[in-house]
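Q: Structure file work.cif (mmCIF, C-alpha atoms and all ligand atoms) right here:
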data_start
#
loop_
_atom_site.label_atom_id
_atom_site.label_comp_id
_atom_site.auth_asym_id
_atom_site.auth_seq_id
_atom_site.Cartn_x
_atom_site.Cartn_y
_atom_site.Cartn_z
CA MET A 1 -94.13 -203.03 -21.87
CA ASP A 2 -96.43 -200.34 -23.33
CA TRP A 3 -97.88 -202.26 -26.25
CA ALA A 4 -97.45 -205.47 -28.19
CA CYS A 5 -98.82 -206.54 -31.56
CA PHE A 6 -99.11 -209.87 -33.33
CA ALA A 7 -100.53 -210.71 -36.77
CA THR A 8 -102.44 -213.98 -36.42
CA ALA A 9 -102.44 -216.79 -38.98
CA ASP A 10 -106.02 -215.85 -39.98
CA GLY A 11 -104.97 -212.29 -40.79
CA ARG A 12 -105.97 -210.27 -37.71
CA LEU A 13 -103.54 -207.79 -36.24
CA VAL A 14 -103.97 -207.97 -32.47
CA LEU A 15 -102.77 -204.94 -30.54
CA GLY A 16 -102.47 -205.22 -26.77
CA ARG A 17 -101.91 -202.27 -24.49
CA GLY A 18 -100.16 -202.19 -21.14
CA PRO A 19 -99.55 -202.32 -18.34
CA PHE A 20 -99.10 -206.06 -18.94
CA GLU A 21 -99.38 -208.62 -16.21
CA GLU A 22 -96.38 -210.98 -16.29
CA LEU A 23 -97.26 -214.64 -15.75
CA ALA A 24 -95.25 -217.85 -15.53
CA ASP A 25 -98.02 -219.89 -17.20
CA CYS A 26 -100.34 -219.30 -20.09
CA PRO A 27 -103.68 -218.01 -18.74
CA GLN A 28 -106.65 -220.28 -19.53
CA GLU A 29 -108.73 -217.46 -20.95
CA GLY A 30 -108.36 -214.22 -22.80
CA VAL A 31 -105.42 -212.92 -24.76
CA ALA A 32 -101.79 -213.31 -23.72
CA PHE A 33 -98.61 -212.49 -25.58
CA TYR A 34 -95.59 -214.76 -25.16
CA ARG A 35 -92.19 -213.07 -25.18
CA ASN A 36 -88.92 -214.77 -24.43
CA ASP A 37 -85.27 -214.17 -25.32
CA PHE A 38 -83.10 -216.43 -27.46
CA ALA A 39 -81.77 -218.36 -24.44
CA LEU A 40 -85.34 -218.71 -23.00
CA GLN A 41 -84.25 -217.08 -19.77
CA ILE A 42 -87.46 -215.25 -18.90
CA ASP A 43 -89.34 -216.78 -15.93
CA LYS A 44 -92.62 -215.05 -16.67
CA PRO A 45 -92.87 -214.97 -20.45
CA TRP A 46 -96.68 -214.61 -20.61
CA LEU A 47 -97.92 -211.04 -20.83
CA GLN A 48 -101.56 -210.23 -20.35
CA PRO A 49 -102.57 -206.82 -21.70
CA THR A 50 -104.85 -204.40 -19.87
CA SER A 51 -106.86 -204.12 -23.08
CA TRP A 52 -106.64 -205.36 -26.65
CA GLU A 53 -108.22 -204.75 -30.02
CA VAL A 54 -107.94 -205.86 -33.63
CA VAL A 55 -106.44 -203.07 -35.74
CA ASP A 56 -105.46 -202.61 -39.37
CA SER A 57 -102.60 -200.19 -38.95
CA LEU A 58 -99.99 -199.18 -36.42
CA ALA A 59 -101.05 -195.53 -36.55
CA GLY A 60 -100.69 -193.80 -33.23
CA LEU A 61 -97.90 -196.03 -31.98
CA PHE A 62 -95.13 -194.13 -33.68
CA SER A 63 -94.76 -190.42 -34.15
CA SER A 64 -94.69 -189.74 -37.86
CA GLN A 65 -91.64 -187.94 -39.16
CA GLU A 66 -88.93 -187.72 -41.77
CA SER A 67 -86.67 -190.49 -40.60
CA GLU A 68 -82.95 -190.23 -40.96
CA VAL A 69 -80.63 -193.07 -40.11
CA LEU A 70 -76.88 -193.11 -40.17
CA TRP A 71 -75.91 -196.75 -40.62
CA GLU A 72 -72.53 -198.10 -39.74
CA ASP A 73 -71.19 -201.11 -41.67
CA PRO A 74 -70.69 -204.16 -39.47
CA GLU A 75 -67.13 -205.31 -39.01
CA ALA A 76 -66.12 -208.10 -41.38
CA GLY A 77 -63.09 -209.09 -39.28
CA LEU A 78 -65.14 -210.01 -36.23
CA PHE A 79 -67.46 -212.15 -38.33
CA ALA A 80 -64.50 -213.78 -40.11
CA ASN A 81 -63.06 -214.86 -36.74
CA VAL A 82 -66.34 -216.37 -35.61
CA PHE A 83 -66.87 -218.02 -39.00
CA ARG A 84 -63.44 -219.63 -38.70
CA GLU A 85 -64.29 -220.95 -35.24
CA VAL A 86 -67.60 -222.37 -36.49
CA MET A 87 -65.71 -224.14 -39.30
CA GLU A 88 -63.12 -225.52 -36.89
CA ARG A 89 -65.88 -227.00 -34.73
CA ILE A 90 -67.59 -228.48 -37.79
CA ARG A 91 -64.35 -230.03 -39.06
CA GLY A 92 -63.58 -231.27 -35.54
CA GLY A 93 -66.76 -233.33 -35.73
CA GLY A 94 -68.74 -231.87 -32.80
CA LEU A 95 -70.98 -229.66 -34.87
CA GLU A 96 -72.91 -229.97 -38.15
CA LYS A 97 -74.43 -226.50 -38.34
CA SER A 98 -74.63 -223.25 -36.43
CA VAL A 99 -76.04 -219.81 -37.06
CA PRO A 100 -73.82 -216.81 -36.30
CA VAL A 101 -75.50 -213.40 -36.37
CA VAL A 102 -74.17 -210.06 -37.59
CA THR A 103 -75.88 -206.86 -36.45
CA GLU A 104 -75.83 -203.56 -38.28
CA THR A 105 -76.27 -200.55 -36.04
CA GLY A 106 -77.39 -197.04 -36.83
CA GLN A 107 -78.30 -193.76 -35.20
CA TRP A 108 -81.82 -192.57 -35.93
CA ASN A 109 -84.23 -189.85 -35.01
CA GLY A 110 -87.21 -192.21 -35.03
CA PRO A 111 -89.03 -194.64 -37.35
CA PRO A 112 -90.08 -193.73 -40.90
CA ALA A 113 -93.65 -192.41 -41.22
CA THR A 114 -94.45 -195.48 -43.37
CA TRP A 115 -94.41 -197.75 -40.31
CA ALA A 116 -98.04 -196.92 -39.58
CA ASP A 117 -99.03 -198.64 -42.86
CA LEU A 118 -96.62 -201.53 -42.58
CA PRO A 119 -99.38 -204.13 -42.02
CA LYS A 120 -100.87 -203.27 -45.44
CA ARG A 121 -97.58 -203.32 -47.30
CA LEU A 122 -96.15 -206.66 -46.22
CA ALA A 123 -95.77 -209.61 -48.58
CA ARG A 124 -98.35 -212.33 -47.94
CA ASP A 125 -95.92 -214.64 -46.19
CA MET A 126 -94.50 -212.07 -43.80
CA ARG A 127 -96.03 -211.85 -40.35
CA LEU A 128 -95.80 -208.79 -38.21
CA PHE A 129 -95.16 -208.68 -34.51
CA GLY A 130 -93.58 -206.19 -32.16
CA TRP A 131 -93.60 -204.45 -28.84
CA ALA A 132 -92.32 -201.32 -27.19
CA ASP A 133 -91.17 -200.67 -23.68
CA GLY A 134 -90.37 -197.03 -22.96
CA ASP A 135 -87.85 -195.90 -25.56
CA SER A 136 -86.92 -199.41 -26.71
CA GLY A 137 -88.74 -201.91 -28.87
CA VAL A 138 -88.82 -204.48 -31.62
CA LEU A 139 -90.75 -204.75 -34.86
CA SER A 140 -90.46 -207.90 -36.97
CA ALA A 141 -91.83 -208.93 -40.36
CA THR A 142 -90.94 -212.57 -40.11
CA PRO A 143 -91.57 -215.35 -42.62
CA GLU A 144 -90.87 -218.03 -40.01
CA GLN A 145 -93.34 -219.75 -37.72
CA LEU A 146 -92.11 -221.80 -34.76
CA PHE A 147 -95.47 -223.56 -34.51
CA HIS A 148 -99.23 -223.09 -34.47
CA LEU A 149 -101.36 -225.14 -32.09
CA GLU A 150 -105.12 -225.59 -32.44
CA ASP A 151 -107.50 -228.48 -31.65
CA GLY A 152 -104.75 -231.06 -31.24
CA LEU A 153 -103.07 -230.16 -34.52
CA LEU A 154 -99.60 -228.65 -34.50
CA THR A 155 -98.34 -227.05 -37.68
CA THR A 156 -94.81 -225.89 -38.19
CA MET A 157 -92.26 -225.40 -40.94
CA ALA A 158 -88.67 -225.85 -41.87
CA LEU A 159 -87.44 -222.59 -43.36
CA ALA A 160 -83.80 -222.46 -44.37
CA GLY A 161 -81.71 -221.92 -47.47
CA THR A 162 -81.59 -218.44 -48.95
CA ALA A 163 -81.06 -216.78 -52.31
CA ARG A 164 -82.11 -213.71 -54.27
CA SER A 165 -85.36 -214.17 -56.17
CA GLU A 166 -83.49 -213.80 -59.50
CA GLU A 167 -81.51 -216.93 -58.67
CA ARG A 168 -84.58 -219.13 -58.30
CA GLU A 169 -83.67 -221.74 -60.96
CA LEU A 170 -80.20 -222.40 -59.69
CA PHE A 171 -81.34 -222.26 -56.07
CA GLY A 172 -83.82 -225.06 -56.71
CA VAL A 173 -80.98 -227.46 -57.55
CA ASP A 174 -78.26 -226.10 -55.26
CA GLU A 175 -77.05 -229.06 -53.21
CA LYS A 176 -75.53 -226.98 -50.43
CA GLU A 177 -78.76 -225.03 -49.89
CA ILE A 178 -80.85 -228.21 -50.05
CA ARG A 179 -78.59 -229.89 -47.49
CA GLU A 180 -78.81 -226.88 -45.19
CA HIS A 181 -82.59 -227.00 -45.46
CA GLU A 182 -82.83 -230.75 -44.94
CA PHE A 183 -80.89 -230.48 -41.69
CA VAL A 184 -83.70 -228.29 -40.39
CA ALA A 185 -86.58 -230.32 -41.83
CA GLN A 186 -85.26 -233.66 -40.60
CA THR A 187 -84.40 -232.39 -37.12
CA LEU A 188 -87.91 -231.00 -36.73
CA MET A 189 -89.45 -234.30 -37.89
CA ALA A 190 -87.35 -236.21 -35.35
CA LYS A 191 -88.15 -233.84 -32.48
CA LEU A 192 -91.87 -234.00 -33.22
CA ALA A 193 -92.12 -237.78 -33.57
CA ASP A 194 -92.58 -238.15 -29.76
CA PHE A 195 -95.63 -235.90 -29.84
CA GLY A 196 -97.80 -237.49 -32.48
CA MET A 197 -98.31 -238.51 -36.10
CA VAL A 198 -95.98 -236.36 -38.19
CA ARG A 199 -96.69 -235.50 -41.82
CA ARG A 200 -94.24 -233.67 -44.00
CA LYS A 201 -95.19 -231.92 -47.23
CA ASP A 202 -92.88 -231.40 -50.20
CA ARG A 203 -90.09 -228.86 -50.08
CA GLN A 204 -91.20 -225.64 -51.78
CA ILE A 205 -89.70 -222.29 -52.59
CA LEU A 206 -91.09 -219.43 -50.53
CA ASP A 207 -90.89 -216.15 -52.47
CA LEU A 208 -90.73 -213.04 -50.31
CA GLY A 209 -90.19 -210.68 -53.25
CA GLU A 210 -86.53 -209.92 -52.83
CA LEU A 211 -85.44 -213.12 -51.08
CA ILE A 212 -86.41 -216.75 -51.53
CA HIS A 213 -86.11 -219.63 -49.07
CA PHE A 214 -86.76 -223.34 -49.04
CA HIS A 215 -89.91 -224.03 -47.07
CA THR A 216 -91.26 -227.39 -45.91
CA PRO A 217 -94.65 -227.43 -44.14
CA ILE A 218 -94.91 -230.03 -41.37
CA GLU A 219 -97.95 -231.01 -39.31
CA VAL A 220 -98.44 -233.23 -36.31
CA GLU A 221 -101.64 -234.79 -34.99
CA LEU A 222 -100.85 -234.72 -31.31
CA TYR A 223 -101.41 -237.88 -29.25
CA ARG A 224 -102.34 -235.78 -26.19
CA GLY A 225 -102.80 -232.17 -25.11
CA GLU A 226 -99.46 -230.38 -25.01
CA ASN A 227 -98.46 -227.32 -23.09
CA ALA A 228 -97.28 -224.37 -25.19
CA ASP A 229 -94.25 -223.65 -22.96
CA ASN A 230 -93.01 -227.23 -23.29
CA LEU A 231 -93.43 -227.15 -27.05
CA VAL A 232 -91.49 -223.89 -27.29
CA ARG A 233 -88.67 -225.40 -25.21
CA ARG A 234 -88.71 -228.56 -27.29
CA LEU A 235 -88.57 -226.81 -30.65
CA HIS A 236 -86.60 -223.60 -30.03
CA PRO A 237 -84.07 -223.02 -31.40
CA THR A 238 -84.56 -225.13 -34.51
CA PRO A 239 -81.41 -225.56 -36.61
CA ALA A 240 -82.69 -222.61 -38.70
CA LEU A 241 -81.43 -220.35 -35.88
CA GLY A 242 -79.60 -222.74 -33.57
CA PRO A 243 -76.87 -225.37 -33.51
CA LEU A 244 -77.06 -228.95 -34.77
CA PRO A 245 -76.73 -231.10 -32.76
CA ARG A 246 -78.34 -229.00 -30.04
CA THR A 247 -76.54 -229.74 -26.78
CA SER A 248 -75.76 -227.51 -23.80
CA GLU A 249 -72.24 -227.24 -25.18
CA THR A 250 -73.14 -226.30 -28.76
CA LEU A 251 -75.73 -223.85 -27.41
CA ALA A 252 -73.15 -222.27 -25.08
CA THR A 253 -70.73 -221.73 -27.99
CA LEU A 254 -73.50 -220.16 -30.06
CA TYR A 255 -74.42 -217.82 -27.18
CA ASP A 256 -70.76 -216.84 -27.00
CA TRP A 257 -70.52 -216.16 -30.76
CA ARG A 258 -73.72 -214.15 -30.66
CA GLU A 259 -72.49 -212.09 -27.74
CA ARG A 260 -69.10 -211.39 -29.29
CA LEU A 261 -70.83 -210.19 -32.45
CA GLY A 262 -73.19 -207.95 -30.45
CA CYS A 263 -76.39 -209.83 -31.30
CA PRO A 264 -79.46 -208.57 -29.39
CA ARG A 265 -81.09 -211.13 -27.07
CA TRP A 266 -84.46 -210.91 -28.85
CA PHE A 267 -83.10 -211.93 -32.23
CA GLY A 268 -84.16 -215.43 -33.27
CA ALA A 269 -86.30 -215.72 -30.14
CA PRO A 270 -89.91 -216.93 -30.02
CA PHE A 271 -92.75 -214.43 -29.81
CA GLY A 272 -96.31 -215.68 -29.60
CA LEU A 273 -99.96 -215.10 -28.94
CA SER A 274 -102.58 -217.15 -27.14
CA ILE A 275 -106.08 -216.25 -28.30
CA ASP A 276 -109.40 -218.14 -28.61
CA GLY A 277 -107.80 -221.35 -27.34
CA THR A 278 -105.12 -221.35 -30.03
CA PHE A 279 -101.46 -220.57 -29.62
CA GLU A 280 -98.89 -219.58 -32.16
CA ALA A 281 -95.24 -218.64 -31.86
CA LEU A 282 -93.25 -216.90 -34.57
CA VAL A 283 -89.46 -216.83 -34.87
CA GLY A 284 -88.12 -213.31 -34.35
CA ILE A 285 -86.05 -212.60 -37.45
CA ARG A 286 -86.19 -209.81 -40.14
CA MET A 287 -86.54 -207.23 -37.42
CA THR A 288 -85.67 -203.70 -36.46
CA LEU A 289 -84.79 -203.11 -32.81
CA TRP A 290 -84.35 -199.74 -31.20
CA GLN A 291 -83.26 -198.24 -27.94
CA GLY A 292 -83.39 -194.49 -27.77
CA LYS A 293 -81.28 -193.13 -30.63
CA GLU A 294 -79.80 -196.48 -31.56
CA VAL A 295 -81.36 -198.79 -34.11
CA GLN A 296 -80.25 -202.32 -35.06
CA ILE A 297 -80.84 -204.84 -37.82
CA PRO A 298 -79.46 -208.30 -37.07
CA ALA A 299 -79.27 -211.16 -39.56
CA GLY A 300 -78.03 -214.72 -39.23
CA CYS A 301 -76.77 -217.31 -41.68
CA GLY A 302 -76.71 -221.07 -41.43
CA VAL A 303 -73.13 -222.31 -41.64
CA ILE A 304 -72.45 -225.92 -42.66
CA GLU A 305 -69.30 -227.61 -43.92
CA PRO A 306 -69.55 -226.44 -47.57
CA SER A 307 -70.32 -222.82 -46.53
CA ARG A 308 -67.83 -220.16 -47.60
CA LEU A 309 -67.08 -216.89 -45.83
CA VAL A 310 -67.71 -214.52 -48.77
CA ASN A 311 -71.02 -216.14 -49.66
CA GLU A 312 -72.29 -215.99 -46.08
CA TRP A 313 -71.20 -212.37 -45.72
CA ARG A 314 -73.12 -211.58 -48.92
CA GLU A 315 -76.19 -213.44 -47.67
CA LEU A 316 -76.14 -211.47 -44.42
CA ARG A 317 -76.03 -208.19 -46.33
CA LEU A 318 -78.83 -209.37 -48.60
CA LYS A 319 -81.02 -210.16 -45.60
CA ARG A 320 -80.31 -206.79 -43.98
CA GLU A 321 -81.08 -204.97 -47.22
CA ALA A 322 -84.37 -206.84 -47.55
CA VAL A 323 -85.25 -205.82 -43.99
CA LYS A 324 -84.28 -202.21 -44.70
CA ARG A 325 -86.60 -202.15 -47.71
CA VAL A 326 -89.51 -203.68 -45.81
CA PHE A 327 -89.10 -201.17 -42.98
CA GLY A 328 -88.74 -198.18 -45.28
CA PHE A 329 -85.05 -197.45 -44.67
CA LEU A 330 -84.29 -198.10 -48.36
CA PRO A 331 -86.53 -197.30 -51.32
CA GLN A 332 -88.68 -200.11 -52.72
CA PRO A 333 -87.36 -201.44 -56.06
CA LEU A 334 -89.30 -200.22 -59.12
CA GLY A 335 -92.39 -202.26 -59.88
CA ASN A 336 -93.29 -202.91 -56.24
C1 LIG A 401 -81.32 -216.24 -39.58
C2 LIG A 401 -82.15 -215.73 -40.49
O1 LIG A 401 -82.96 -216.48 -41.28
C3 LIG A 401 -83.03 -217.88 -41.12
C4 LIG A 401 -81.91 -218.53 -41.79
C5 LIG A 401 -82.00 -218.88 -43.12
C6 LIG A 401 -80.79 -219.42 -43.83
O2 LIG A 401 -79.73 -219.61 -43.20
O3 LIG A 401 -80.85 -219.67 -45.05
C7 LIG A 401 -83.21 -218.75 -43.80
C8 LIG A 401 -84.34 -218.39 -43.15
C9 LIG A 401 -84.36 -218.28 -41.69
O4 LIG A 401 -84.67 -219.50 -41.11
C10 LIG A 401 -82.27 -214.26 -40.69
O5 LIG A 401 -83.12 -213.83 -41.45
O6 LIG A 401 -81.51 -213.53 -40.08
#
Would you put the structure from the file into structure tokens?
Ligand SMILES: C=C(O[C@@H]1C=C(C(=O)O)C=C[C@H]1O)C(=O)O
A:
Amino acid sequence: MDWACFATADGRLVLGRGPFEELADCPQEGVAFYRNDFALQIDKPWLQPTSWEVVDSLAGLFSSQESEVLWEDPEAGLFANVFREVMERIRGGGLEKSVPVVTETGQWNGPPATWADLPKRLARDMRLFGWADGDSGVLSATPEQLFHLEDGLLTTMALAGTARSEERELFGVDEKEIREHEFVAQTLMAKLADFGMVRRKDRQILDLGELIHFHTPIEVELYRGENADNLVRRLHPTPALGPLPRTSETLATLYDWRERLGCPRWFGAPFGLSIDGTFEALVGIRMTLWQGKEVQIPAGCGVIEPSRLVNEWRELRLKREAVKRVFGFLPQPLGN
């Protein structure tokens, strides 16, 4: 890896430069990035940079140019097949929820010049992270935190349920969206109960400008010191990105659906930073991935029994469009 960046909860953008030392365990001191794939298959996920600094832009990481991208619409038929299989499993009783992912692919000549200023242009609740390795890389502006760990206090969130900002009133009373969200919130509460005293705040609406989500903050006063790797394994994937119930079988079917739909391994995966004795992991969504001339934007949708194919397909497009606007592939709407 050549570089990695992570926007911390207190608003610093930490940029680490390679070569990175790969470690199986979190180092006791200094700064280390945590990178794993969706299936958590990386043996040495901790990456210690040769040097690091706090920056306020990504200038210098990307060559500035007029970016041109030729996007190709994802195939509806492939998604429809997977959607049908998800529904069959749900109706068969072995599954309550899963999260198929559709990836739009394009050919580009490089990132838009605006990427340098991305840190300044993001909505308050979007957190930036990314990395590059030779001619491939990832940049994410994610609204979703897996967890933050500091002084025996773990904070996390349920984030699920999606609509356009204009639909806010109806969204607030939409039973299907509330149910989808509650699956995530209640599963997190149950998983965390072993670790300490769990407190849940009220469900809120998180407004990202173009999209809104239900958001429930959760915090846990830990009974004892917990290891970051164990917590990642315990919590990832939450039902915001993973199956419910989460068993080796439901995970295996999700891996299969993701693979058939061409989902990149980094999508939905945890990415974190250990600094000053705190650790935080974000959930890798709302991202652009690239490899040479190819660029990808994946998006997932939570499917539960009342979900309908056309609505989910629309939600996936909505999420991709929001990502395209954030990353400068589409113009910002007037007024922003
Ligand atoms: C899977 C994504 O987002 C997740 C799924 C959501 C949903 O299904 O409503 C909402 C927020 C995220 O937890 C994505 O952005 O691709």
Q: Please give the centre and size of the box around ligand LIG 401 (chain A) (axis-aligned, containing every atom listed in the file, 3 Å added per side), with values in Å to one decimal and written as AutoDock Vina command-line options.
A:
--center_x -82.2 --center_y -216.6 --center_z -42.3 --size_x 10.9 --size_y 12.1 --size_z 11.5
Q: Name each residue within 6 Å of ligand LIG 401 (chain A), counting all atoms listed in the file, as JSON, numbers by chain.
A: {"A": [159, 160, 161, 162, 240, 241, 285, 286, 299, 300, 301, 302, 319]}
Q: Find the residues of stretch 60-155 of chain A that sit at most 6 Å from stretch 218-221 of chain A; for each, write down the nearest two atoms and how far apart they are in Å, to one decimal. Count all atoms listed in the file. Sort by chain, then by number going up, and give it as a tab-separated table.
A:
residue	atom	partner	partner_atom	distance
A:Leu153	CA	A:Glu221	CA	4.9
A:Leu154	CA	A:Val220	CA	5.1
A:Thr155	CA	A:Glu219	CA	4.3
Q: What is the distance, in Å and to one decimal place, between atom CA of A:Glu166 and atom CA of A:Ala322?
A: 13.9 Å
Q: Considering all atoms listed in the file, can you say which of A:Lys120, A:Arg199, A:Arg258, A:Arg164 comes closest to A:Glu321?
A: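 Closest residue, counting all atoms listed in the file: A:Arg164.
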Q: Need the shell around A:Tyr34: protein/DNA/RNA residues with any atom at most 6 Å away, counting all atoms listed in the file. Skip same-chain ones fewer than 2 positions apart. Format as a PDB file with C-alpha atoms, in the frame of the given file?
A:
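Result written to result-v1.pdb:
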ATOM      1  CA  PRO A  45     -92.870-214.970 -20.450  1.00  0.00           C
ATOM      2  CA  TRP A  46     -96.680-214.610 -20.610  1.00  0.00           C
ATOM      3  CA  PHE A 271     -92.750-214.430 -29.810  1.00  0.00           C
ATOM      4  CA  GLY A 272     -96.310-215.680 -29.600  1.00  0.00           C
ATOM      5  CA  LEU A 273     -99.960-215.100 -28.940  1.00  0.00           C
TER       6      LEU A 273
END
Q: What's around A:Gln65 at 12 Å? Count only C-alpha atoms, leave out sequence neighbours fewer than 6 positions away in its own chain, and write the answer as a ChimeraX atom specification.
A: /A:108-116
Q: Counting all atoms listed in the file, figure out which residue out of A:Val310, A:Ile304, A:Val69, A:Leu235 gets nearest to A:Glu88.
A: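 Smallest distance to A:Glu88 is found for A:Ile304.
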Q: Hey, which of A:Gly16, A:Gly11, A:Pro100, A:Gly93 ends up closest to A:Asp56? Count all atoms listed in the file.
A: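 Smallest distance to A:Asp56 is found for A:Gly11.
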Q: At what distance in Å, to one decimal, does atom CA of A:Leu206 lie from atom CA of A:Gly172?
A: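 Atom-to-atom, atom CA of A:Gly172 and atom CA of A:Leu206 are spaced 11.1 Å apart.
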Q: Point out the residue among A:Thr216, A:Thr187, A:Asn311, A:Ser98 with the least atom-to-atom distance to A:Thr250, counting only C-alpha atoms.
A: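 Using only C-alpha atoms, A:Thr250 sits closest to A:Ser98.
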Q: Please write a file for stretch 290-303 of chain A, taken from the block I just shared, that holds N, CA and C atoms and is laid out as a PDB file, in the first residue's frame.
A:
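Output file decode.pdb is given in full below:
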ATOM      1  N   TRP A 290     -11.003   1.731  -7.715  1.00  0.00           N
ATOM      2  CA  TRP A 290     -10.425   1.753  -9.048  1.00  0.00           C
ATOM      3  C   TRP A 290      -9.297   0.742  -9.167  1.00  0.00           C
ATOM      4  N   GLN A 291      -9.095   0.317 -10.383  1.00  0.00           N
ATOM      5  CA  GLN A 291      -7.951  -0.530 -10.700  1.00  0.00           C
ATOM      6  C   GLN A 291      -7.581  -0.201 -12.135  1.00  0.00           C
ATOM      7  N   GLY A 292      -6.475   0.517 -12.283  1.00  0.00           N
ATOM      8  CA  GLY A 292      -6.088   0.952 -13.614  1.00  0.00           C
ATOM      9  C   GLY A 292      -7.192   1.788 -14.231  1.00  0.00           C
ATOM     10  N   LYS A 293      -7.648   1.389 -15.397  1.00  0.00           N
ATOM     11  CA  LYS A 293      -8.653   2.170 -16.132  1.00  0.00           C
ATOM     12  C   LYS A 293     -10.086   1.893 -15.691  1.00  0.00           C
ATOM     13  N   GLU A 294     -10.246   0.902 -14.790  1.00  0.00           N
ATOM     14  CA  GLU A 294     -11.604   0.546 -14.398  1.00  0.00           C
ATOM     15  C   GLU A 294     -11.973   1.180 -13.058  1.00  0.00           C
ATOM     16  N   VAL A 295     -13.198   1.693 -12.998  1.00  0.00           N
ATOM     17  CA  VAL A 295     -13.675   2.312 -11.772  1.00  0.00           C
ATOM     18  C   VAL A 295     -15.021   1.675 -11.419  1.00  0.00           C
ATOM     19  N   GLN A 296     -15.293   1.536 -10.101  1.00  0.00           N
ATOM     20  CA  GLN A 296     -16.513   0.850  -9.672  1.00  0.00           C
ATOM     21  C   GLN A 296     -17.209   1.613  -8.554  1.00  0.00           C
ATOM     22  N   ILE A 297     -18.540   1.566  -8.596  1.00  0.00           N
ATOM     23  CA  ILE A 297     -19.342   2.077  -7.479  1.00  0.00           C
ATOM     24  C   ILE A 297     -20.346   0.995  -7.091  1.00  0.00           C
ATOM     25  N   PRO A 298     -20.104   0.328  -5.970  1.00  0.00           N
ATOM     26  CA  PRO A 298     -21.056  -0.673  -5.500  1.00  0.00           C
ATOM     27  C   PRO A 298     -22.088  -0.048  -4.558  1.00  0.00           C
ATOM     28  N   ALA A 299     -23.263  -0.649  -4.491  1.00  0.00           N
ATOM     29  CA  ALA A 299     -24.247  -0.244  -3.478  1.00  0.00           C
ATOM     30  C   ALA A 299     -25.063  -1.475  -3.107  1.00  0.00           C
ATOM     31  N   GLY A 300     -25.450  -1.537  -1.833  1.00  0.00           N
ATOM     32  CA  GLY A 300     -26.233  -2.671  -1.361  1.00  0.00           C
ATOM     33  C   GLY A 300     -27.574  -2.208  -0.844  1.00  0.00           C
ATOM     34  N   CYS A 301     -28.514  -3.152  -0.738  1.00  0.00           N
ATOM     35  CA  CYS A 301     -29.827  -2.808  -0.191  1.00  0.00           C
ATOM     36  C   CYS A 301     -30.282  -3.933   0.724  1.00  0.00           C
ATOM     37  N   GLY A 302     -30.833  -3.550   1.852  1.00  0.00           N
ATOM     38  CA  GLY A 302     -31.357  -4.537   2.790  1.00  0.00           C
ATOM     39  C   GLY A 302     -32.654  -5.104   2.253  1.00  0.00           C
ATOM     40  N   VAL A 303     -32.701  -6.439   2.125  1.00  0.00           N
ATOM     41  CA  VAL A 303     -33.924  -7.072   1.625  1.00  0.00           C
ATOM     42  C   VAL A 303     -34.575  -7.849   2.770  1.00  0.00           C
TER      43      VAL A 303
END
